Amino acid sequence: MTATRFLPRERLQTLFERIGDLGYRCMGPQVRDGAIVYDDLSDAAALPVGIGAHQAPGRYRLEHYAHARCFAWANGPQALKPLLFAPEETLWRVTRDAAGRLAFAAAAPPSQRRAVIGVRACDLAALALQDAHFAGDHADPGYVSRRRDLLLVGVDCGHPADTCFCASTGDGPAVSNGADLALTELDAGFLVRAGSAAGRALCDALPLRAPSDAELHLGAAEIEHARQSQRRSLPARNLRDALFANLDHPQWDDVAARCLACGNCVAVCPTCFCSTEREQPAIDGREAARVRLWDSCFSAEHSYVHGRLLRPDTRTRYRQWLTHKLGGWHDQYGRSGCVGCGRCIAWCPTGIDITREATAICTADQPEGEA
């Protein structure tokens with residue numbers, strides 16, 4: 001990140017204008033259906049000014065406050081994931097001519113320059129994991145195309161929810177990398193630092209000034225307060241061995257009795273990437289499309305292999321999700337798949353808390369079963 005500069009609040013609109021000048025479709029946080037989500041946004045006045053988000057296990061509610069801040073909320077249900085790993089995407093198409101011959105054609109990857117304002121540190125960490133999966137040795141063309149055309153303006157999270165625990169995973173609340181531009185919101189304006197060549201170009205085009213020592217102190221104090229205010233945490237950053245040593249722990253039965261296997265947790269999780277594929281044939285039989293859809297390891301079909309279900313009940317499905325997320329990802333990506341955003345806690349209908357379940361299983365005095 002470059003040296004910190006300062007953007008007065010009344011000049012925030014210039015950020016949107018300069019992003020538009022660069023040819024990006026701008027997206028930012030807005031209130032939709034009682035939640036904060038990313039949507040098209042070209043006017044700073046449309047940001048959620050004076051809005052906060054009360055979150056607890058199984059609860060999410062927006063609240064109104066008498067201040068001028070527009071990023072004083074913790075993440076809503078939507079992360080960057082649906083903007084890059086599309087919930088539904090055509091992979092290829094096939095057509096049949098009059099002679100019955102089949103012709104296959106790959107779907108053209110979409111191309112649109114998008115800028116997202118308001119991205120939090122936990123979601124930038126999740127994006128790095130998505131990059132490792134979708135843009136690695138066997139790159140996904142659609143994902144890579146959308147990722148290449150993405151500009152990210154991160155905002156430090158000064159108001160974590162009760163469900164947040166990014167401090168314990170090392171993924172927040174401050175934006176340290178992954179953003180082209182990073183902001184810290186203060187009452188009077190924004191501390192600004194660039195994290196890429198695109199971010200530096202934006203800084204050069206903005207009406208920035210040097211920050212005062214008092215402004216720098218306020219920014220650092222807000223981040224430290226946000227870190228210290230988090231009450232939830234995972235027992236460790238690497239739970240691989242503890243989880244696999246407790247595959248028969250009675251806590252799996254306990255959580256299964258509460259879990260609805262609805263898949264809400266994986267839908268809002270910014271790192272989950274399970275998918276399935278479907279054929280969508282035309283009614284006249286002349287063409288069809290192969291479509292990829294988001295899927296969940298909580299569904300029965302997900303573990304169906306050659307006439308049998310490998311995970312026939314909620315207990316084994318929840319265990320698969322938690323052991324993979326917090327354990328198996330270390331083997332695949334060198335770290336946990338959890339970034340501490342707390343979405344799975346807030347959006348679980350029964351309020352299941354991943355930090356409590358992991359602590360109950362991984363801090364047992366003696367393993368209850370063998371891996």
# chains A, B, ... in the order shown; residues from 1 in each chain; ligands from 1

$ residues_around --residues "Asp39 of chain A" --least-positions-apart "6" --cutoff "12 Å" --atoms "only C-alpha atoms" --output "list in words"
Arg25, Cys26, Met27, Gly28, Pro29, Gln30, Val31, Arg32, Ala46, Leu47, Pro48, Gln78, Ala79, Leu80, Pro82, Leu83, Arg114, Ala115, Val116, Ile117 and Gly118 of chain A

$ write_last_selection --atoms "all heavy atoms" --output "short mmCIF file (atom, residue, chain, number, x, y, z; two decimals), in the first residue's frame"
data_model
loop_
_atom_site.label_atom_id
_atom_site.label_comp_id
_atom_site.auth_asym_id
_atom_site.auth_seq_id
_atom_site.Cartn_x
_atom_site.Cartn_y
_atom_site.Cartn_z
N ARG A 25 -18.12 -0.09 -14.85
CA ARG A 25 -19.47 -0.06 -14.30
C ARG A 25 -19.32 -0.14 -12.79
O ARG A 25 -18.76 -1.09 -12.26
CB ARG A 25 -20.28 -1.25 -14.81
CG ARG A 25 -21.59 -1.50 -14.09
CD ARG A 25 -22.14 -2.87 -14.47
NE ARG A 25 -23.26 -3.27 -13.65
CZ ARG A 25 -23.75 -4.51 -13.60
NH1 ARG A 25 -23.18 -5.47 -14.33
NH2 ARG A 25 -24.78 -4.80 -12.83
N CYS A 26 -19.78 0.87 -12.10
CA CYS A 26 -19.55 0.97 -10.66
C CYS A 26 -20.66 0.27 -9.89
O CYS A 26 -21.85 0.42 -10.20
CB CYS A 26 -19.46 2.44 -10.25
SG CYS A 26 -18.86 2.65 -8.57
N MET A 27 -20.26 -0.51 -8.88
CA MET A 27 -21.20 -1.17 -7.97
C MET A 27 -20.81 -0.81 -6.55
O MET A 27 -19.63 -0.60 -6.24
CB MET A 27 -21.16 -2.69 -8.16
CG MET A 27 -21.43 -3.14 -9.58
SD MET A 27 -21.52 -4.94 -9.72
CE MET A 27 -23.12 -5.25 -8.95
N GLY A 28 -21.81 -0.76 -5.68
CA GLY A 28 -21.53 -0.43 -4.29
C GLY A 28 -22.64 -0.88 -3.39
O GLY A 28 -23.69 -1.37 -3.85
N PRO A 29 -22.47 -0.73 -2.08
CA PRO A 29 -23.47 -1.20 -1.12
C PRO A 29 -24.74 -0.35 -1.15
O PRO A 29 -24.69 0.88 -1.15
CB PRO A 29 -22.75 -1.05 0.22
CG PRO A 29 -21.75 0.04 -0.01
CD PRO A 29 -21.31 -0.12 -1.42
N GLN A 30 -25.88 -1.03 -1.17
CA GLN A 30 -27.17 -0.37 -1.12
C GLN A 30 -28.15 -1.24 -0.35
O GLN A 30 -27.96 -2.45 -0.24
CB GLN A 30 -27.72 -0.13 -2.54
CG GLN A 30 -26.90 0.88 -3.34
CD GLN A 30 -27.38 0.97 -4.77
OE1 GLN A 30 -28.43 1.55 -5.04
NE2 GLN A 30 -26.64 0.39 -5.68
N VAL A 31 -29.18 -0.62 0.18
CA VAL A 31 -30.21 -1.35 0.91
C VAL A 31 -31.20 -1.92 -0.09
O VAL A 31 -31.82 -1.20 -0.87
CB VAL A 31 -30.93 -0.44 1.92
CG1 VAL A 31 -32.08 -1.20 2.58
CG2 VAL A 31 -29.95 0.06 2.97
N ARG A 32 -31.35 -3.25 -0.06
CA ARG A 32 -32.30 -3.95 -0.90
C ARG A 32 -32.99 -5.03 -0.06
O ARG A 32 -32.32 -5.90 0.51
CB ARG A 32 -31.61 -4.61 -2.11
CG ARG A 32 -31.00 -3.63 -3.10
CD ARG A 32 -32.06 -2.97 -3.96
NE ARG A 32 -31.47 -2.14 -5.00
CZ ARG A 32 -31.15 -0.85 -4.85
NH1 ARG A 32 -31.35 -0.26 -3.68
NH2 ARG A 32 -30.63 -0.17 -5.85
N ALA A 46 -26.35 7.69 -2.89
CA ALA A 46 -27.15 6.47 -2.78
C ALA A 46 -26.54 5.44 -1.84
O ALA A 46 -27.13 4.37 -1.61
CB ALA A 46 -27.34 5.84 -4.17
N LEU A 47 -25.39 5.74 -1.26
CA LEU A 47 -24.79 4.83 -0.29
C LEU A 47 -25.66 4.77 0.98
O LEU A 47 -26.43 5.69 1.25
CB LEU A 47 -23.38 5.30 0.07
CG LEU A 47 -22.31 5.11 -1.02
CD1 LEU A 47 -21.07 5.93 -0.70
CD2 LEU A 47 -21.95 3.63 -1.15
N PRO A 48 -25.55 3.70 1.77
CA PRO A 48 -26.38 3.55 2.97
C PRO A 48 -25.93 4.45 4.11
O PRO A 48 -25.36 3.99 5.11
CB PRO A 48 -26.25 2.06 3.31
CG PRO A 48 -24.93 1.67 2.75
CD PRO A 48 -24.74 2.48 1.50
N GLN A 78 -24.37 -10.87 0.86
CA GLN A 78 -23.69 -11.01 -0.43
C GLN A 78 -22.22 -10.63 -0.32
O GLN A 78 -21.87 -9.56 0.17
CB GLN A 78 -24.35 -10.11 -1.48
CG GLN A 78 -23.73 -10.22 -2.86
CD GLN A 78 -24.21 -9.12 -3.79
OE1 GLN A 78 -24.75 -8.12 -3.33
NE2 GLN A 78 -24.01 -9.29 -5.07
N ALA A 79 -21.34 -11.50 -0.80
CA ALA A 79 -19.92 -11.20 -0.90
C ALA A 79 -19.58 -10.93 -2.37
O ALA A 79 -20.46 -10.68 -3.19
CB ALA A 79 -19.11 -12.38 -0.36
N LEU A 80 -18.31 -11.02 -2.70
CA LEU A 80 -17.90 -10.86 -4.09
C LEU A 80 -18.18 -12.11 -4.91
O LEU A 80 -18.23 -12.05 -6.14
CB LEU A 80 -16.39 -10.55 -4.17
CG LEU A 80 -15.95 -9.19 -3.62
CD1 LEU A 80 -14.42 -9.14 -3.56
CD2 LEU A 80 -16.49 -8.06 -4.48
N PRO A 82 -20.74 -14.05 -5.94
CA PRO A 82 -21.67 -14.13 -7.07
C PRO A 82 -21.30 -13.24 -8.25
O PRO A 82 -21.81 -13.43 -9.35
CB PRO A 82 -23.02 -13.71 -6.46
CG PRO A 82 -22.66 -12.95 -5.24
CD PRO A 82 -21.39 -13.56 -4.72
N LEU A 83 -20.41 -12.27 -8.04
CA LEU A 83 -19.96 -11.42 -9.14
C LEU A 83 -18.91 -12.10 -9.99
O LEU A 83 -18.66 -11.69 -11.13
CB LEU A 83 -19.40 -10.10 -8.60
CG LEU A 83 -20.33 -9.28 -7.69
CD1 LEU A 83 -19.62 -8.01 -7.23
CD2 LEU A 83 -21.63 -8.95 -8.42
N ARG A 114 -15.93 -3.94 -14.19
CA ARG A 114 -16.74 -3.58 -13.02
C ARG A 114 -15.84 -3.14 -11.89
O ARG A 114 -14.77 -3.72 -11.65
CB ARG A 114 -17.61 -4.76 -12.58
CG ARG A 114 -18.73 -5.08 -13.52
CD ARG A 114 -19.72 -6.04 -12.91
NE ARG A 114 -19.17 -7.38 -12.77
CZ ARG A 114 -19.89 -8.47 -12.49
NH1 ARG A 114 -21.19 -8.36 -12.31
NH2 ARG A 114 -19.32 -9.65 -12.38
N ALA A 115 -16.28 -2.12 -11.17
CA ALA A 115 -15.60 -1.66 -9.97
C ALA A 115 -16.55 -1.82 -8.80
O ALA A 115 -17.73 -1.47 -8.89
CB ALA A 115 -15.18 -0.20 -10.10
N VAL A 116 -16.06 -2.38 -7.70
CA VAL A 116 -16.88 -2.59 -6.51
C VAL A 116 -16.31 -1.74 -5.38
O VAL A 116 -15.13 -1.87 -5.02
CB VAL A 116 -16.91 -4.07 -6.10
CG1 VAL A 116 -17.86 -4.26 -4.91
CG2 VAL A 116 -17.35 -4.94 -7.26
N ILE A 117 -17.15 -0.87 -4.82
CA ILE A 117 -16.76 0.01 -3.72
C ILE A 117 -17.32 -0.54 -2.41
O ILE A 117 -18.49 -0.92 -2.34
CB ILE A 117 -17.28 1.43 -3.96
CG1 ILE A 117 -16.61 2.03 -5.20
CG2 ILE A 117 -17.05 2.32 -2.75
CD1 ILE A 117 -17.12 3.42 -5.55
N GLY A 118 -16.49 -0.60 -1.39
CA GLY A 118 -16.97 -1.01 -0.07
C GLY A 118 -16.59 -2.42 0.33
O GLY A 118 -17.13 -2.96 1.30
#

$ closest_atom_pairs --of "segment 339-365 of chain A" --to "segment 59-76 of chain A" --cutoff "9 Å" --atoms "only C-alpha atoms" --output "tab-separated table"
residue	atom	partner	partner_atom	distance
A:Cys341	CA	A:Asn75	CA	7.4
A:Gly342	CA	A:Asn75	CA	8.8
A:Arg343	CA	A:Gly76	CA	7.6
A:Ile345	CA	A:Arg59	CA	8.5
A:Ala346	CA	A:Arg59	CA	5.3
A:Trp347	CA	A:Arg59	CA	6.7
A:Cys348	CA	A:Arg59	CA	8.2
A:Pro349	CA	A:Arg59	CA	8.0
A:Gly351	CA	A:Arg59	CA	7.7

$ atom_distance --atom1 "atom CA of Asp254 of chain A" --atom2 "atom CA of Gln230 of chain A"
25.9 Å

$ residues_around --residues "Trp252 of chain A" --least-positions-apart "2" --cutoff "9 Å" --atoms "only C-alpha atoms" --output "PDB file with all heavy atoms, in the first residue's frame"
ATOM      1  N   LEU A 247     -13.641 -37.415  14.384  1.00  0.00           N
ATOM      2  CA  LEU A 247     -14.719 -37.649  13.433  1.00  0.00           C
ATOM      3  C   LEU A 247     -15.934 -38.321  14.067  1.00  0.00           C
ATOM      4  O   LEU A 247     -17.026 -38.288  13.487  1.00  0.00           O
ATOM      5  CB  LEU A 247     -14.207 -38.492  12.260  1.00  0.00           C
ATOM      6  CG  LEU A 247     -13.152 -37.821  11.369  1.00  0.00           C
ATOM      7  CD1 LEU A 247     -12.731 -38.766  10.247  1.00  0.00           C
ATOM      8  CD2 LEU A 247     -13.660 -36.508  10.795  1.00  0.00           C
ATOM      9  N   ASP A 248     -15.780 -38.924  15.228  1.00  0.00           N
ATOM     10  CA  ASP A 248     -16.899 -39.566  15.910  1.00  0.00           C
ATOM     11  C   ASP A 248     -17.267 -38.837  17.203  1.00  0.00           C
ATOM     12  O   ASP A 248     -17.908 -39.417  18.090  1.00  0.00           O
ATOM     13  CB  ASP A 248     -16.571 -41.032  16.216  1.00  0.00           C
ATOM     14  CG  ASP A 248     -16.455 -41.864  14.949  1.00  0.00           C
ATOM     15  OD1 ASP A 248     -17.293 -41.665  14.056  1.00  0.00           O
ATOM     16  OD2 ASP A 248     -15.531 -42.688  14.859  1.00  0.00           O
ATOM     17  N   HIS A 249     -16.887 -37.593  17.298  1.00  0.00           N
ATOM     18  CA  HIS A 249     -17.215 -36.804  18.487  1.00  0.00           C
ATOM     19  C   HIS A 249     -18.741 -36.652  18.597  1.00  0.00           C
ATOM     20  O   HIS A 249     -19.435 -36.464  17.590  1.00  0.00           O
ATOM     21  CB  HIS A 249     -16.564 -35.419  18.369  1.00  0.00           C
ATOM     22  CG  HIS A 249     -16.534 -34.646  19.642  1.00  0.00           C
ATOM     23  ND1 HIS A 249     -17.658 -34.056  20.184  1.00  0.00           N
ATOM     24  CD2 HIS A 249     -15.512 -34.370  20.499  1.00  0.00           C
ATOM     25  CE1 HIS A 249     -17.332 -33.447  21.304  1.00  0.00           C
ATOM     26  NE2 HIS A 249     -16.037 -33.608  21.523  1.00  0.00           N
ATOM     27  N   PRO A 250     -19.305 -36.734  19.807  1.00  0.00           N
ATOM     28  CA  PRO A 250     -20.765 -36.622  19.961  1.00  0.00           C
ATOM     29  C   PRO A 250     -21.328 -35.262  19.557  1.00  0.00           C
ATOM     30  O   PRO A 250     -22.543 -35.142  19.334  1.00  0.00           O
ATOM     31  CB  PRO A 250     -20.987 -36.892  21.453  1.00  0.00           C
ATOM     32  CG  PRO A 250     -19.654 -36.688  22.106  1.00  0.00           C
ATOM     33  CD  PRO A 250     -18.637 -37.063  21.088  1.00  0.00           C
ATOM     34  N   ASP A 254     -25.062 -33.690  18.033  1.00  0.00           N
ATOM     35  CA  ASP A 254     -25.728 -32.552  18.656  1.00  0.00           C
ATOM     36  C   ASP A 254     -26.057 -31.471  17.621  1.00  0.00           C
ATOM     37  O   ASP A 254     -27.183 -30.967  17.566  1.00  0.00           O
ATOM     38  CB  ASP A 254     -24.835 -31.973  19.757  1.00  0.00           C
ATOM     39  CG  ASP A 254     -25.503 -30.851  20.504  1.00  0.00           C
ATOM     40  OD1 ASP A 254     -26.196 -31.125  21.488  1.00  0.00           O
ATOM     41  OD2 ASP A 254     -25.334 -29.679  20.099  1.00  0.00           O
ATOM     42  N   VAL A 255     -25.094 -31.133  16.790  1.00  0.00           N
ATOM     43  CA  VAL A 255     -25.342 -30.086  15.789  1.00  0.00           C
ATOM     44  C   VAL A 255     -26.278 -30.585  14.696  1.00  0.00           C
ATOM     45  O   VAL A 255     -27.090 -29.830  14.153  1.00  0.00           O
ATOM     46  CB  VAL A 255     -24.018 -29.565  15.203  1.00  0.00           C
ATOM     47  CG1 VAL A 255     -23.330 -30.606  14.341  1.00  0.00           C
ATOM     48  CG2 VAL A 255     -24.252 -28.295  14.380  1.00  0.00           C
ATOM     49  N   ALA A 256     -26.218 -31.868  14.369  1.00  0.00           N
ATOM     50  CA  ALA A 256     -27.106 -32.423  13.350  1.00  0.00           C
ATOM     51  C   ALA A 256     -28.559 -32.345  13.777  1.00  0.00           C
ATOM     52  O   ALA A 256     -29.461 -32.177  12.943  1.00  0.00           O
ATOM     53  CB  ALA A 256     -26.727 -33.868  13.050  1.00  0.00           C
ATOM     54  N   ALA A 257     -28.815 -32.427  15.071  1.00  0.00           N
ATOM     55  CA  ALA A 257     -30.190 -32.333  15.567  1.00  0.00           C
ATOM     56  C   ALA A 257     -30.744 -30.926  15.399  1.00  0.00           C
ATOM     57  O   ALA A 257     -31.964 -30.736  15.361  1.00  0.00           O
ATOM     58  CB  ALA A 257     -30.233 -32.743  17.042  1.00  0.00           C
ATOM     59  N   ARG A 315     -25.868 -35.381   9.819  1.00  0.00           N
ATOM     60  CA  ARG A 315     -24.638 -35.473  10.610  1.00  0.00           C
ATOM     61  C   ARG A 315     -23.409 -35.559   9.709  1.00  0.00           C
ATOM     62  O   ARG A 315     -22.440 -34.810   9.886  1.00  0.00           O
ATOM     63  CB  ARG A 315     -24.698 -36.693  11.533  1.00  0.00           C
ATOM     64  CG  ARG A 315     -23.416 -36.956  12.325  1.00  0.00           C
ATOM     65  CD  ARG A 315     -23.506 -38.259  13.117  1.00  0.00           C
ATOM     66  NE  ARG A 315     -22.294 -38.527  13.865  1.00  0.00           N
ATOM     67  CZ  ARG A 315     -21.215 -39.113  13.348  1.00  0.00           C
ATOM     68  NH1 ARG A 315     -21.210 -39.483  12.069  1.00  0.00           N
ATOM     69  NH2 ARG A 315     -20.153 -39.326  14.118  1.00  0.00           N
ATOM     70  N   THR A 316     -23.432 -36.466   8.750  1.00  0.00           N
ATOM     71  CA  THR A 316     -22.253 -36.650   7.898  1.00  0.00           C
ATOM     72  C   THR A 316     -22.081 -35.479   6.929  1.00  0.00           C
ATOM     73  O   THR A 316     -20.962 -35.169   6.532  1.00  0.00           O
ATOM     74  CB  THR A 316     -22.357 -37.969   7.124  1.00  0.00           C
ATOM     75  OG1 THR A 316     -23.636 -38.047   6.463  1.00  0.00           O
ATOM     76  CG2 THR A 316     -22.211 -39.158   8.060  1.00  0.00           C
ATOM     77  N   TYR A 318     -22.947 -32.208   7.603  1.00  0.00           N
ATOM     78  CA  TYR A 318     -22.371 -31.086   8.355  1.00  0.00           C
ATOM     79  C   TYR A 318     -20.901 -31.370   8.660  1.00  0.00           C
ATOM     80  O   TYR A 318     -20.056 -30.475   8.571  1.00  0.00           O
ATOM     81  CB  TYR A 318     -23.143 -30.850   9.656  1.00  0.00           C
ATOM     82  CG  TYR A 318     -22.692 -29.582  10.363  1.00  0.00           C
ATOM     83  CD1 TYR A 318     -23.315 -28.371  10.105  1.00  0.00           C
ATOM     84  CD2 TYR A 318     -21.616 -29.604  11.257  1.00  0.00           C
ATOM     85  CE1 TYR A 318     -22.879 -27.200  10.719  1.00  0.00           C
ATOM     86  CE2 TYR A 318     -21.175 -28.445  11.869  1.00  0.00           C
ATOM     87  CZ  TYR A 318     -21.813 -27.249  11.597  1.00  0.00           C
ATOM     88  OH  TYR A 318     -21.360 -26.093  12.201  1.00  0.00           O
ATOM     89  N   ARG A 319     -20.601 -32.599   9.001  1.00  0.00           N
ATOM     90  CA  ARG A 319     -19.210 -32.955   9.295  1.00  0.00           C
ATOM     91  C   ARG A 319     -18.330 -32.752   8.069  1.00  0.00           C
ATOM     92  O   ARG A 319     -17.203 -32.255   8.169  1.00  0.00           O
ATOM     93  CB  ARG A 319     -19.123 -34.410   9.775  1.00  0.00           C
ATOM     94  CG  ARG A 319     -17.748 -34.800  10.281  1.00  0.00           C
ATOM     95  CD  ARG A 319     -17.702 -36.235  10.739  1.00  0.00           C
ATOM     96  NE  ARG A 319     -17.840 -37.165   9.621  1.00  0.00           N
ATOM     97  CZ  ARG A 319     -17.827 -38.496   9.754  1.00  0.00           C
ATOM     98  NH1 ARG A 319     -17.724 -39.044  10.968  1.00  0.00           N
ATOM     99  NH2 ARG A 319     -17.954 -39.273   8.708  1.00  0.00           N
ATOM    100  N   GLU A 357     -19.187 -24.699  17.561  1.00  0.00           N
ATOM    101  CA  GLU A 357     -19.110 -26.107  17.165  1.00  0.00           C
ATOM    102  C   GLU A 357     -17.653 -26.546  17.045  1.00  0.00           C
ATOM    103  O   GLU A 357     -17.268 -27.626  17.512  1.00  0.00           O
ATOM    104  CB  GLU A 357     -19.843 -26.335  15.844  1.00  0.00           C
ATOM    105  CG  GLU A 357     -21.300 -25.903  15.824  1.00  0.00           C
ATOM    106  CD  GLU A 357     -22.132 -26.489  16.952  1.00  0.00           C
ATOM    107  OE1 GLU A 357     -21.854 -27.637  17.350  1.00  0.00           O
ATOM    108  OE2 GLU A 357     -23.052 -25.807  17.426  1.00  0.00           O
ATOM    109  N   ILE A 361     -15.635 -29.387  19.427  1.00  0.00           N
ATOM    110  CA  ILE A 361     -15.040 -30.590  18.840  1.00  0.00           C
ATOM    111  C   ILE A 361     -13.532 -30.607  19.004  1.00  0.00           C
ATOM    112  O   ILE A 361     -12.935 -31.648  19.311  1.00  0.00           O
ATOM    113  CB  ILE A 361     -15.410 -30.682  17.343  1.00  0.00           C
ATOM    114  CG1 ILE A 361     -16.917 -30.911  17.191  1.00  0.00           C
ATOM    115  CG2 ILE A 361     -14.622 -31.794  16.647  1.00  0.00           C
ATOM    116  CD1 ILE A 361     -17.439 -30.659  15.800  1.00  0.00           C
TER     117      ILE A 361
END

$ residues_around --residues "segment 302-305 of chain A" --least-positions-apart "2" --cutoff "12 Å" --atoms "only C-alpha atoms" --output "ChimeraX atom specification"
/A:263,274-277,294-300,307-314,316-317,320-321

$ select_by_dssp --residues "segment 17-55 of chain A" --states "strand (DSSP E or B)" --output "ChimeraX atom specification"
/A:25-32,35-40,51-55

$ select_by_dssp --residues "segment 221-309 of chain A" --states "alpha helix (DSSP H)" --output "PyMOL selection string"
chain A and resi 221-228+240-244+251-258+264-268

$ atom_distance --atom1 "atom CA of Glu222 of chain A" --atom2 "atom CA of Thr163 of chain A"
18.3 Å
